[in-house]
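Asks: What follows is protein-v8.cif, mmCIF, C-alpha atoms.
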data_upload
loop_
_atom_site.label_atom_id
_atom_site.label_comp_id
_atom_site.auth_asym_id
_atom_site.auth_seq_id
_atom_site.Cartn_x
_atom_site.Cartn_y
_atom_site.Cartn_z
CA MET A 1 111.50 90.26 110.24
CA ALA A 2 109.88 91.53 107.04
CA GLY A 3 111.67 94.46 105.40
CA LEU A 4 114.87 94.03 107.40
CA VAL A 5 117.97 93.65 105.26
CA THR A 6 121.18 92.45 106.84
CA LYS A 7 124.40 92.84 104.87
CA THR A 8 127.77 91.37 105.74
CA TYR A 9 130.73 93.35 104.42
CA ALA A 10 133.72 91.49 103.03
CA ALA A 11 137.00 91.73 104.92
CA ASN A 12 138.72 93.23 101.88
CA GLY A 13 136.22 96.09 101.84
CA ASN A 14 135.01 95.53 98.28
CA ASP A 15 131.33 95.73 99.24
CA VAL A 16 131.96 98.89 101.23
CA GLU A 17 133.74 100.45 98.26
CA THR A 18 130.94 99.42 95.91
CA ASP A 19 128.30 100.97 98.13
CA GLN A 20 130.32 104.16 98.51
CA ALA A 21 130.75 104.31 94.74
CA GLN A 22 126.95 104.43 94.38
CA VAL A 23 127.05 107.62 96.44
CA ASP A 24 130.21 109.19 95.04
CA ILE A 25 129.31 108.80 91.36
CA TRP A 26 126.67 111.50 91.65
CA ARG A 27 129.34 114.06 92.57
CA PHE A 28 130.76 113.55 89.10
CA VAL A 29 127.41 113.51 87.34
CA PHE A 30 126.02 116.63 89.03
CA GLY A 31 129.17 118.22 90.42
CA PHE A 32 128.71 121.39 88.34
CA THR A 33 125.64 122.30 90.42
CA GLU A 34 127.81 123.42 93.35
CA MET A 35 129.75 125.79 91.13
CA ALA A 36 126.60 127.11 89.47
CA ALA A 37 124.74 127.77 92.72
CA ALA A 38 127.73 129.46 94.37
CA LYS A 39 128.24 131.61 91.26
CA CYS A 40 124.56 132.54 91.37
CA ALA A 41 124.88 133.69 94.98
CA VAL A 42 127.92 135.83 94.18
CA GLU A 43 126.30 137.38 91.11
CA LEU A 44 123.22 138.27 93.18
CA GLY A 45 125.42 139.65 95.95
CA ILE A 46 123.78 137.54 98.65
CA PRO A 47 126.90 137.23 100.86
CA ASP A 48 127.30 141.03 100.83
CA ILE A 49 123.64 141.65 101.62
CA LEU A 50 123.69 139.28 104.60
CA GLU A 51 126.99 140.69 105.84
CA ASN A 52 125.57 144.21 105.90
CA HIS A 53 122.33 143.20 107.64
CA ALA A 54 122.48 143.25 111.44
CA ASP A 55 119.89 140.51 111.99
CA PRO A 56 119.13 137.23 110.21
CA MET A 57 117.21 137.90 106.98
CA THR A 58 114.02 136.02 106.33
CA LEU A 59 113.31 134.62 102.90
CA SER A 60 110.79 137.41 102.34
CA GLN A 61 113.31 140.10 103.31
CA LEU A 62 116.06 138.64 101.15
CA SER A 63 113.83 138.16 98.10
CA SER A 64 112.56 141.72 98.54
CA ALA A 65 116.11 143.07 98.71
CA LEU A 66 116.96 141.18 95.53
CA ALA A 67 113.62 141.89 93.83
CA CYS A 68 113.44 138.22 92.88
CA SER A 69 111.25 135.14 93.13
CA SER A 70 111.14 133.79 96.67
CA THR A 71 110.44 130.27 95.35
CA ALA A 72 113.61 130.07 93.25
CA LEU A 73 115.65 131.84 95.92
CA PHE A 74 114.50 129.36 98.59
CA ARG A 75 115.76 126.46 96.47
CA ILE A 76 119.14 128.10 95.88
CA MET A 77 119.53 128.87 99.59
CA ARG A 78 118.48 125.37 100.62
CA PHE A 79 121.10 123.86 98.34
CA LEU A 80 123.88 126.20 99.48
CA MET A 81 123.09 125.71 103.17
CA ASN A 82 123.43 121.97 102.60
CA ARG A 83 126.96 122.73 101.36
CA GLY A 84 127.88 124.98 104.30
CA ILE A 85 127.33 128.25 102.45
CA PHE A 86 124.89 130.21 104.67
CA LYS A 87 122.88 128.82 107.58
CA GLU A 88 119.57 129.46 109.32
CA LYS A 89 119.11 131.29 112.61
CA ILE A 90 116.08 132.38 114.61
CA THR A 91 115.37 136.11 114.35
CA ASN A 92 114.39 138.31 117.31
CA GLN A 93 110.79 137.98 116.14
CA GLY A 94 110.96 134.19 116.22
CA SER A 95 111.11 133.69 112.46
CA ILE A 96 113.78 131.74 110.61
CA GLY A 97 116.35 133.84 108.79
CA TYR A 98 119.57 133.41 106.85
CA VAL A 99 123.02 134.37 108.16
CA GLN A 100 126.60 134.11 107.00
CA THR A 101 129.03 131.24 107.60
CA PRO A 102 132.84 131.34 107.39
CA LEU A 103 132.53 129.82 103.92
CA SER A 104 129.99 132.33 102.61
CA ARG A 105 132.13 135.22 103.90
CA LEU A 106 134.84 134.14 101.46
CA LEU A 107 132.36 134.95 98.67
CA ARG A 108 131.80 138.59 99.61
CA LYS A 109 132.79 140.86 96.75
CA ASP A 110 134.44 143.37 99.07
CA GLY A 111 135.98 141.05 101.67
CA ASP A 112 139.72 141.11 102.41
CA ASN A 113 139.91 137.32 102.02
CA SER A 114 137.32 137.11 99.27
CA LEU A 115 137.60 134.64 96.40
CA ALA A 116 134.44 135.94 94.71
CA SER A 117 136.29 137.37 91.70
CA MET A 118 138.23 134.14 91.26
CA LEU A 119 135.04 132.09 91.37
CA LEU A 120 133.35 134.33 88.77
CA TYR A 121 136.38 134.19 86.47
CA ILE A 122 137.15 130.47 86.64
CA ASN A 123 133.48 129.51 86.35
CA GLY A 124 132.56 131.98 83.64
CA PRO A 125 131.71 130.72 80.13
CA VAL A 126 135.11 131.60 78.64
CA MET A 127 137.06 129.54 81.16
CA VAL A 128 134.60 126.65 81.46
CA ALA A 129 134.40 125.98 77.70
CA PRO A 130 137.96 124.58 77.28
CA HIS A 131 137.22 121.84 79.80
CA GLN A 132 134.88 120.34 77.23
CA PHE A 133 137.97 119.65 75.11
CA LEU A 134 140.17 117.87 77.66
CA SER A 135 139.85 114.59 75.77
CA ALA A 136 141.18 116.28 72.61
CA ARG A 137 144.16 117.54 74.62
CA VAL A 138 144.85 114.06 76.01
CA LEU A 139 144.68 112.43 72.57
CA ASP A 140 147.06 115.02 71.08
CA ASP A 141 149.29 116.84 73.56
CA LYS A 142 150.05 119.50 70.94
CA THR A 143 146.37 120.40 70.89
CA SER A 144 145.30 123.26 73.15
CA ALA A 145 141.89 122.83 74.78
CA PHE A 146 141.56 126.61 75.05
CA VAL A 147 142.32 127.05 71.34
CA CYS A 148 139.80 124.33 70.50
CA ALA A 149 137.17 126.30 72.41
CA HIS A 150 138.05 129.83 71.35
CA GLY A 151 140.30 129.68 68.28
CA LYS A 152 143.21 131.41 70.06
CA ASP A 153 145.25 130.87 73.19
CA ILE A 154 144.43 132.34 76.59
CA TRP A 155 146.93 135.21 76.27
CA GLN A 156 145.71 136.30 72.83
CA HIS A 157 142.12 136.10 74.01
CA ALA A 158 142.85 138.30 77.03
CA ALA A 159 144.77 140.84 74.95
CA GLU A 160 141.92 141.12 72.43
CA ASN A 161 139.07 141.14 74.96
CA PRO A 162 139.46 143.93 77.56
CA ASP A 163 136.42 142.79 79.56
CA HIS A 164 137.84 139.30 79.94
CA SER A 165 141.27 140.72 80.73
CA LYS A 166 139.67 142.81 83.48
CA LEU A 167 138.05 139.69 84.97
CA LEU A 168 141.44 137.96 84.88
CA ASP A 169 143.13 140.88 86.66
CA GLU A 170 140.40 141.00 89.33
CA ALA A 171 140.63 137.24 89.90
CA MET A 172 144.41 137.30 90.25
CA ALA A 173 144.25 140.36 92.50
CA CYS A 174 141.74 138.85 94.92
CA ASP A 175 143.81 135.69 95.35
CA THR A 176 147.05 137.66 95.55
CA ARG A 177 145.75 139.80 98.42
CA ARG A 178 144.97 136.64 100.39
CA THR A 179 148.18 134.85 99.48
CA VAL A 180 150.72 137.61 100.09
CA ARG A 181 149.19 138.29 103.53
CA ALA A 182 149.25 134.56 104.28
CA VAL A 183 152.93 134.34 103.29
CA LEU A 184 153.78 137.33 105.49
CA ASP A 185 151.83 135.82 108.40
CA GLY A 186 153.09 132.25 108.00
CA CYS A 187 156.63 132.83 106.70
CA PRO A 188 157.55 136.44 107.60
CA GLU A 189 161.27 135.64 107.40
CA VAL A 190 160.97 135.30 103.61
CA PHE A 191 161.06 139.09 103.21
CA ASN A 192 163.46 139.88 106.07
CA GLY A 193 166.31 142.17 105.06
CA LEU A 194 165.06 142.83 101.54
CA ARG A 195 165.32 146.39 100.22
CA SER A 196 163.75 145.90 96.78
CA VAL A 197 161.45 143.31 95.22
CA VAL A 198 160.43 142.93 91.57
CA ASN A 199 157.09 141.18 91.11
CA VAL A 200 157.46 139.31 87.82
CA GLY A 201 154.10 139.08 86.06
CA GLY A 202 152.63 141.39 88.70
CA GLY A 203 149.54 142.43 86.76
CA ASP A 204 147.93 145.48 88.32
CA GLY A 205 150.50 145.61 91.13
CA THR A 206 148.35 144.12 93.90
CA ALA A 207 151.14 141.93 95.28
CA VAL A 208 153.67 144.73 95.68
CA ARG A 209 151.01 147.07 97.09
CA VAL A 210 150.19 144.56 99.83
CA LEU A 211 153.88 143.86 100.36
CA ILE A 212 154.98 147.46 100.87
CA GLU A 213 151.96 148.14 103.07
CA MET A 214 153.20 145.44 105.46
CA CYS A 215 156.93 145.93 104.77
CA PRO A 216 157.36 149.68 104.09
CA GLN A 217 161.16 149.38 103.93
CA ILE A 218 160.84 147.51 100.61
CA ARG A 219 160.85 149.32 97.28
CA GLY A 220 158.48 147.58 94.89
CA ILE A 221 158.80 147.06 91.14
CA ASN A 222 155.71 145.81 89.33
CA PHE A 223 156.86 144.11 86.12
CA ASP A 224 154.53 142.88 83.38
CA LEU A 225 153.73 143.35 79.71
CA HIS A 226 153.49 146.97 78.55
CA HIS A 227 149.73 146.87 77.91
CA VAL A 228 149.20 145.46 81.42
CA VAL A 229 151.25 147.94 83.45
CA SER A 230 150.00 150.88 81.35
CA VAL A 231 146.65 150.65 83.14
CA ALA A 232 147.99 149.68 86.58
CA PRO A 233 147.09 152.22 89.29
CA GLU A 234 149.89 154.45 90.53
CA CYS A 235 151.03 153.84 94.09
CA GLU A 236 153.71 155.48 96.20
CA GLY A 237 156.73 153.23 96.60
CA ILE A 238 155.98 151.21 93.45
CA GLU A 239 157.54 151.56 90.02
CA HIS A 240 155.63 150.02 87.10
CA VAL A 241 157.94 148.59 84.44
CA GLY A 242 156.81 147.11 81.13
CA GLY A 243 158.73 144.37 79.39
CA ASP A 244 159.05 140.68 78.55
CA MET A 245 160.15 138.24 81.27
CA PHE A 246 161.49 135.91 78.56
CA VAL A 247 163.99 138.61 77.56
CA GLU A 248 165.00 140.45 80.76
CA VAL A 249 163.82 141.07 84.32
CA PRO A 250 164.46 144.36 86.18
CA LYS A 251 167.23 144.14 88.77
CA ALA A 252 166.20 143.89 92.43
CA ASN A 253 167.17 142.34 95.76
CA ALA A 254 164.59 139.62 95.16
CA ALA A 255 162.30 138.48 92.35
CA PHE A 256 158.80 137.44 93.38
CA LEU A 257 156.67 135.19 91.18
CA LYS A 258 153.20 133.98 92.14
CA TRP A 259 151.22 131.71 89.85
CA ILE A 260 153.47 132.55 86.90
CA LEU A 261 155.68 129.53 86.27
CA HIS A 262 152.81 127.04 86.26
CA ASP A 263 151.64 128.63 82.99
CA TRP A 264 154.72 127.42 81.10
CA ASN A 265 156.59 124.26 80.19
CA ASP A 266 159.98 123.35 81.69
CA ASP A 267 162.11 125.03 79.01
CA GLU A 268 160.09 128.24 79.26
CA CYS A 269 160.26 128.15 83.06
CA ILE A 270 164.00 127.69 82.97
CA GLN A 271 164.37 130.73 80.71
CA ILE A 272 162.25 132.88 83.03
CA LEU A 273 164.18 131.65 86.06
CA LYS A 274 167.54 132.32 84.38
CA ASN A 275 166.45 135.92 83.78
CA CYS A 276 165.30 136.22 87.41
CA ARG A 277 168.64 134.84 88.59
CA GLU A 278 170.48 137.37 86.46
CA ALA A 279 168.35 140.16 87.97
CA ILE A 280 169.42 139.35 91.55
CA LEU A 281 173.07 138.39 91.00
CA GLU A 282 174.54 141.78 91.90
CA TYR A 283 173.08 141.39 95.41
CA GLY A 284 175.25 138.32 96.02
CA THR A 285 174.17 136.05 98.86
CA ALA A 286 171.40 138.53 99.76
CA GLY A 287 169.68 137.93 96.43
CA LYS A 288 166.99 135.32 95.95
CA VAL A 289 163.95 134.35 93.92
CA ILE A 290 160.69 133.83 95.80
CA ILE A 291 158.21 131.53 94.06
CA VAL A 292 154.67 130.99 95.31
CA GLU A 293 153.15 127.99 93.54
CA ALA A 294 151.51 124.66 94.20
CA VAL A 295 153.79 121.73 95.01
CA ILE A 296 152.01 118.56 94.02
CA GLU A 297 151.97 115.75 96.56
CA GLU A 298 151.20 112.69 94.47
CA LYS A 299 150.98 110.26 97.41
CA GLY A 300 148.43 112.15 99.43
CA GLY A 301 148.66 115.22 101.61
CA ASP A 302 146.08 117.36 103.35
CA LYS A 303 142.91 118.53 101.62
CA LEU A 304 144.29 122.03 101.16
CA LYS A 305 147.26 120.70 99.20
CA ASP A 306 144.87 118.58 97.12
CA VAL A 307 143.83 121.85 95.49
CA GLY A 308 147.11 121.57 93.57
CA LEU A 309 145.69 118.63 91.62
CA MET A 310 142.63 120.71 90.75
CA LEU A 311 144.91 123.52 89.59
CA ASP A 312 146.74 121.05 87.38
CA MET A 313 143.46 120.27 85.59
CA ILE A 314 142.97 124.03 85.12
CA MET A 315 146.44 124.25 83.57
CA LEU A 316 145.71 121.31 81.30
CA ALA A 317 142.56 122.98 80.00
CA GLU A 318 143.52 126.66 79.99
CA THR A 319 147.18 126.78 78.94
CA ASN A 320 149.12 125.38 76.02
CA THR A 321 151.97 123.84 78.03
CA GLY A 322 151.46 124.79 81.69
CA LYS A 323 151.39 122.36 84.61
CA GLU A 324 151.67 122.13 88.37
CA ARG A 325 154.89 120.54 89.61
CA THR A 326 156.08 118.10 92.26
CA ALA A 327 159.02 118.94 94.53
CA GLU A 328 161.27 116.86 92.26
CA GLU A 329 160.11 118.75 89.17
CA TRP A 330 160.77 122.08 90.90
CA THR A 331 164.27 120.88 91.77
CA PHE A 332 164.91 120.06 88.11
CA VAL A 333 163.91 123.46 86.66
CA LEU A 334 165.72 125.39 89.40
CA ARG A 335 168.97 123.46 88.92
CA GLU A 336 168.76 123.84 85.15
CA ALA A 337 168.32 127.60 85.65
CA GLY A 338 171.55 127.74 87.67
CA PHE A 339 170.32 127.95 91.25
CA THR A 340 172.57 126.20 93.77
CA ARG A 341 169.99 125.57 96.49
CA HIS A 342 166.36 126.12 97.38
CA THR A 343 163.89 125.55 100.18
CA ILE A 344 160.17 124.76 100.14
CA LYS A 345 157.99 126.07 102.95
CA ASN A 346 154.32 125.36 103.55
CA PHE A 347 151.90 127.88 104.98
CA GLN A 348 148.12 128.07 105.38
CA SER A 349 147.40 127.91 101.67
CA ALA A 350 147.05 125.55 98.74
CA LEU A 351 150.39 126.99 97.61
CA SER A 352 153.93 126.78 98.97
CA VAL A 353 156.83 129.23 99.15
CA ILE A 354 159.96 128.25 97.26
CA GLU A 355 163.08 130.31 97.97
CA ALA A 356 165.83 129.84 95.37
CA TYR A 357 169.39 131.12 95.79
CA PRO A 358 171.95 131.75 93.05
#
What does this structure look like when you write it as structure tokens?
Replies:
Amino acid sequence: MAGLVTKTYAANGNDVETDQAQVDIWRFVFGFTEMAAAKCAVELGIPDILENHADPMTLSQLSSALACSSTALFRIMRFLMNRGIFKEKITNQGSIGYVQTPLSRLLRKDGDNSLASMLLYINGPVMVAPHQFLSARVLDDKTSAFVCAHGKDIWQHAAENPDHSKLLDEAMACDTRRTVRAVLDGCPEVFNGLRSVVNVGGGDGTAVRVLIEMCPQIRGINFDLHHVVSVAPECEGIEHVGGDMFVEVPKANAAFLKWILHDWNDDECIQILKNCREAILEYGTAGKVIIVEAVIEEKGGDKLKDVGLMLDMIMLAETNTGKERTAEEWTFVLREAGFTRHTIKNFQSALSVIEAYP
């Protein structure tokens, strides 16, 4: 029959793989479009507008609310709906309107589980630029992709640019709110019996605020650099302490570190962990260090854990020596820091909870 093409696939699957490659390659060529369109929606506040509108919003209503071109907006919405961000629904008047999806709700600026601030920070020009220098980093491991892009490392840049530092704090805070709640929901026993917790590298204190809200018996210490804690909001039950985690960590029943150790190489991690161990020693067997980080699963794992490999690319581009670690690599740094045992617990997150005991 004219026009009919019959193809027999090889038993080894090579033809199938070749055909799939013709589809998959475009994700790498045009993959940035997903980030750009999602960032556009967040900047325009579309998820918030739809969330606060009782009925589905027509294109005309949405473009009017945004005071923007309906033609360009239609194309953005069409693309995002194809990716599961927003969907169409018939209005009471019989027209087609836009409504939220579970995915788009995660992009609300004021949502409890929002990742909007993280998306804006990671996909902003400052953080995207170093990824153009990954090849330079690979060719010379002493070369920093971030320094190649900006002439200084990520910490110097944040210290000298208050606006960027604010974006960083907001990004970390939005993820921390989600993560601490998820830890408390999925592994509530982690904080059982604790009377005091020092959040090492706690930024604006979001983690300890969430923690003491849900565990009011805990006294919180928010520990970070002096210039960071000096602008942290005051909160009952929380003490802000400025200092250097490479020198000393305030004493507490437990030390809590989220997304801190992945910024540093093994020797630096070991030094931080030694200081954390010293801070909890006086509490004896009741003392522990709680680490919330990715644990890389090199031989597969669920899609949520695959985020750890993405984070490792972020570390390669954004930090001088940081990296995500496998379970074996975590065992190494913890043993070198003097911990006698540790456990790794998974919860509904891309991260895991590591409890280390002196």
Asks: Name the residues that the PyMOL selection byres ((chain A and resi 181) around 10) picks from the file above, as a PDB file with C-alpha atoms, in the coordinates of the input, using the file's chain letters and numbers.
Replies:
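Listed below is the output, expr-v4.pdb:
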ATOM      1  CA  ASP A 112     139.720 141.110 102.410  1.00  0.00           C
ATOM      2  CA  ASN A 113     139.910 137.320 102.020  1.00  0.00           C
ATOM      3  CA  THR A 176     147.050 137.660  95.550  1.00  0.00           C
ATOM      4  CA  ARG A 177     145.750 139.800  98.420  1.00  0.00           C
ATOM      5  CA  ARG A 178     144.970 136.640 100.390  1.00  0.00           C
ATOM      6  CA  THR A 179     148.180 134.850  99.480  1.00  0.00           C
ATOM      7  CA  VAL A 180     150.720 137.610 100.090  1.00  0.00           C
ATOM      8  CA  ALA A 182     149.250 134.560 104.280  1.00  0.00           C
ATOM      9  CA  VAL A 183     152.930 134.340 103.290  1.00  0.00           C
ATOM     10  CA  LEU A 184     153.780 137.330 105.490  1.00  0.00           C
ATOM     11  CA  ASP A 185     151.830 135.820 108.400  1.00  0.00           C
ATOM     12  CA  GLY A 186     153.090 132.250 108.000  1.00  0.00           C
ATOM     13  CA  CYS A 187     156.630 132.830 106.700  1.00  0.00           C
ATOM     14  CA  PRO A 188     157.550 136.440 107.600  1.00  0.00           C
ATOM     15  CA  ALA A 207     151.140 141.930  95.280  1.00  0.00           C
ATOM     16  CA  VAL A 210     150.190 144.560  99.830  1.00  0.00           C
ATOM     17  CA  LEU A 211     153.880 143.860 100.360  1.00  0.00           C
ATOM     18  CA  MET A 214     153.200 145.440 105.460  1.00  0.00           C
TER      19      MET A 214
END
Asks: Once the PyMOL selection byres ((chain A and resi 345-351) around 10) has been applied to the shown file, what residues remain in the selection, as a PyMOL selection string?
Replies: chain A and resi 178-179+182-187+190+258-259+291-296+302-308+311+343-344+352-355
Asks: Against range 136-159 of chain A, which residues of range 260-339 of chain A fall within 6 Å? For each one I want the closest pair of atoms and the distance in Å (one decimal), counting only C-alpha atoms, rows by chain and increasing residue number, as a tab-separated table.
Replies:
residue	atom	partner	partner_atom	distance
A:Ala317	CA	A:Ala145	CA	5.3
A:Glu318	CA	A:Phe146	CA	5.3
A:Asn320	CA	A:Ser144	CA	5.2
Asks: For CA of Asn123 in chain A and CA of Leu50 in chain A, quote the distance in Å rounded to one decimal.
Replies: 22.9 Å
Asks: The PyMOL selection byres ((chain A and resi 43-49) around 7) - which residues does that actually catch in the file I just gave you? List them as an mmCIF file with C-alpha atoms, keeping the file's coordinate frame.
Replies:
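This is the output file part_0.cif:
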data_model
loop_
_atom_site.group_PDB
_atom_site.id
_atom_site.type_symbol
_atom_site.label_atom_id
_atom_site.label_comp_id
_atom_site.auth_asym_id
_atom_site.auth_seq_id
_atom_site.Cartn_x
_atom_site.Cartn_y
_atom_site.Cartn_z
ATOM 1 C CA LYS A 39 128.240 131.610 91.260
ATOM 2 C CA CYS A 40 124.560 132.540 91.370
ATOM 3 C CA ALA A 41 124.880 133.690 94.980
ATOM 4 C CA VAL A 42 127.920 135.830 94.180
ATOM 5 C CA LEU A 50 123.690 139.280 104.600
ATOM 6 C CA GLU A 51 126.990 140.690 105.840
ATOM 7 C CA ASN A 52 125.570 144.210 105.900
ATOM 8 C CA HIS A 53 122.330 143.200 107.640
ATOM 9 C CA GLN A 100 126.600 134.110 107.000
ATOM 10 C CA SER A 104 129.990 132.330 102.610
ATOM 11 C CA ARG A 105 132.130 135.220 103.900
ATOM 12 C CA LEU A 107 132.360 134.950 98.670
ATOM 13 C CA ARG A 108 131.800 138.590 99.610
ATOM 14 C CA LYS A 109 132.790 140.860 96.750
#
Asks: Which residues, written as a list of chain:residue names, have at least one atom at most 8 Å from Thr340 in chain A, with only C-alpha atoms counted and residues fewer than 4 positions away on the same chain left out?
Replies: A:Arg335, A:Ala356, A:Tyr357, A:Pro358
Asks: Around all the atoms of range 60-73 of chain A listed in the file, with 5 Å of room on each side, what axis-aligned box do you get, giving centre and edge lengths in Å to one decimal, as AutoDock Vina command-line options?
Replies:
--center_x 113.7 --center_y 136.6 --center_z 98.1 --size_x 16.5 --size_y 23.0 --size_z 20.4
Asks: Name all residues at most 8 Å from Trp264 in chain A (count only C-alpha atoms; drop same-chain ones fewer than 6 positions away) and give them as a PyMOL selection string.
Replies: chain A and resi 319-323
Asks: Write out as a VMD selection string the residues lying within 8 Å of Lys251 in chain A, counting only C-alpha atoms and excluding same-chain residues fewer than 5 positions away.
Replies: chain A and resid 198 278 to 280
Asks: Mind rebuilding range 327-341 of chain A with N, CA, C and O atoms and writing that out as an mmCIF file, keeping the file's coordinate frame?
Replies:
data_model
loop_
_atom_site.group_PDB
_atom_site.id
_atom_site.type_symbol
_atom_site.label_atom_id
_atom_site.label_comp_id
_atom_site.auth_asym_id
_atom_site.auth_seq_id
_atom_site.Cartn_x
_atom_site.Cartn_y
_atom_site.Cartn_z
ATOM 1 N N ALA A 327 157.775 118.410 93.982
ATOM 2 C CA ALA A 327 159.020 118.940 94.530
ATOM 3 C C ALA A 327 160.210 118.539 93.648
ATOM 4 O O ALA A 327 161.132 119.347 93.426
ATOM 5 N N GLU A 328 160.179 117.322 93.121
ATOM 6 C CA GLU A 328 161.270 116.860 92.260
ATOM 7 C C GLU A 328 161.306 117.656 90.955
ATOM 8 O O GLU A 328 162.388 117.990 90.453
ATOM 9 N N GLU A 329 160.150 117.976 90.412
ATOM 10 C CA GLU A 329 160.110 118.750 89.170
ATOM 11 C C GLU A 329 160.567 120.185 89.392
ATOM 12 O O GLU A 329 161.214 120.785 88.524
ATOM 13 N N TRP A 330 160.261 120.740 90.573
ATOM 14 C CA TRP A 330 160.770 122.080 90.900
ATOM 15 C C TRP A 330 162.285 122.051 91.023
ATOM 16 O O TRP A 330 162.985 122.968 90.567
ATOM 17 N N THR A 331 162.819 121.010 91.641
ATOM 18 C CA THR A 331 164.270 120.880 91.770
ATOM 19 C C THR A 331 164.936 120.872 90.395
ATOM 20 O O THR A 331 165.966 121.525 90.175
ATOM 21 N N PHE A 332 164.335 120.161 89.461
ATOM 22 C CA PHE A 332 164.910 120.060 88.110
ATOM 23 C C PHE A 332 164.996 121.432 87.437
ATOM 24 O O PHE A 332 166.065 121.829 86.955
ATOM 25 N N VAL A 333 163.884 122.183 87.389
ATOM 26 C CA VAL A 333 163.910 123.460 86.660
ATOM 27 C C VAL A 333 164.813 124.478 87.358
ATOM 28 O O VAL A 333 165.480 125.285 86.681
ATOM 29 N N LEU A 334 164.870 124.436 88.681
ATOM 30 C CA LEU A 334 165.720 125.390 89.400
ATOM 31 C C LEU A 334 167.202 125.095 89.162
ATOM 32 O O LEU A 334 168.003 126.017 88.955
ATOM 33 N N ARG A 335 167.569 123.818 89.189
ATOM 34 C CA ARG A 335 168.970 123.460 88.920
ATOM 35 C C ARG A 335 169.363 123.801 87.494
ATOM 36 O O ARG A 335 170.455 124.311 87.243
ATOM 37 N N GLU A 336 168.466 123.533 86.555
ATOM 38 C CA GLU A 336 168.760 123.840 85.150
ATOM 39 C C GLU A 336 168.899 125.341 84.928
ATOM 40 O O GLU A 336 169.603 125.780 84.017
ATOM 41 N N ALA A 337 168.240 126.139 85.762
ATOM 42 C CA ALA A 337 168.320 127.600 85.650
ATOM 43 C C ALA A 337 169.546 128.160 86.357
ATOM 44 O O ALA A 337 169.810 129.371 86.283
ATOM 45 N N GLY A 338 170.303 127.310 87.056
ATOM 46 C CA GLY A 338 171.550 127.740 87.670
ATOM 47 C C GLY A 338 171.512 128.010 89.152
ATOM 48 O O GLY A 338 172.510 128.464 89.734
ATOM 49 N N PHE A 339 170.398 127.721 89.805
ATOM 50 C CA PHE A 339 170.320 127.950 91.250
ATOM 51 C C PHE A 339 171.022 126.817 91.994
ATOM 52 O O PHE A 339 170.916 125.641 91.630
ATOM 53 N N THR A 340 171.764 127.192 93.043
ATOM 54 C CA THR A 340 172.570 126.200 93.770
ATOM 55 C C THR A 340 171.794 125.515 94.886
ATOM 56 O O THR A 340 172.117 124.385 95.262
ATOM 57 N N ARG A 341 170.807 126.191 95.437
ATOM 58 C CA ARG A 341 169.990 125.570 96.490
ATOM 59 C C ARG A 341 168.639 126.254 96.569
ATOM 60 O O ARG A 341 168.458 127.383 96.092
#
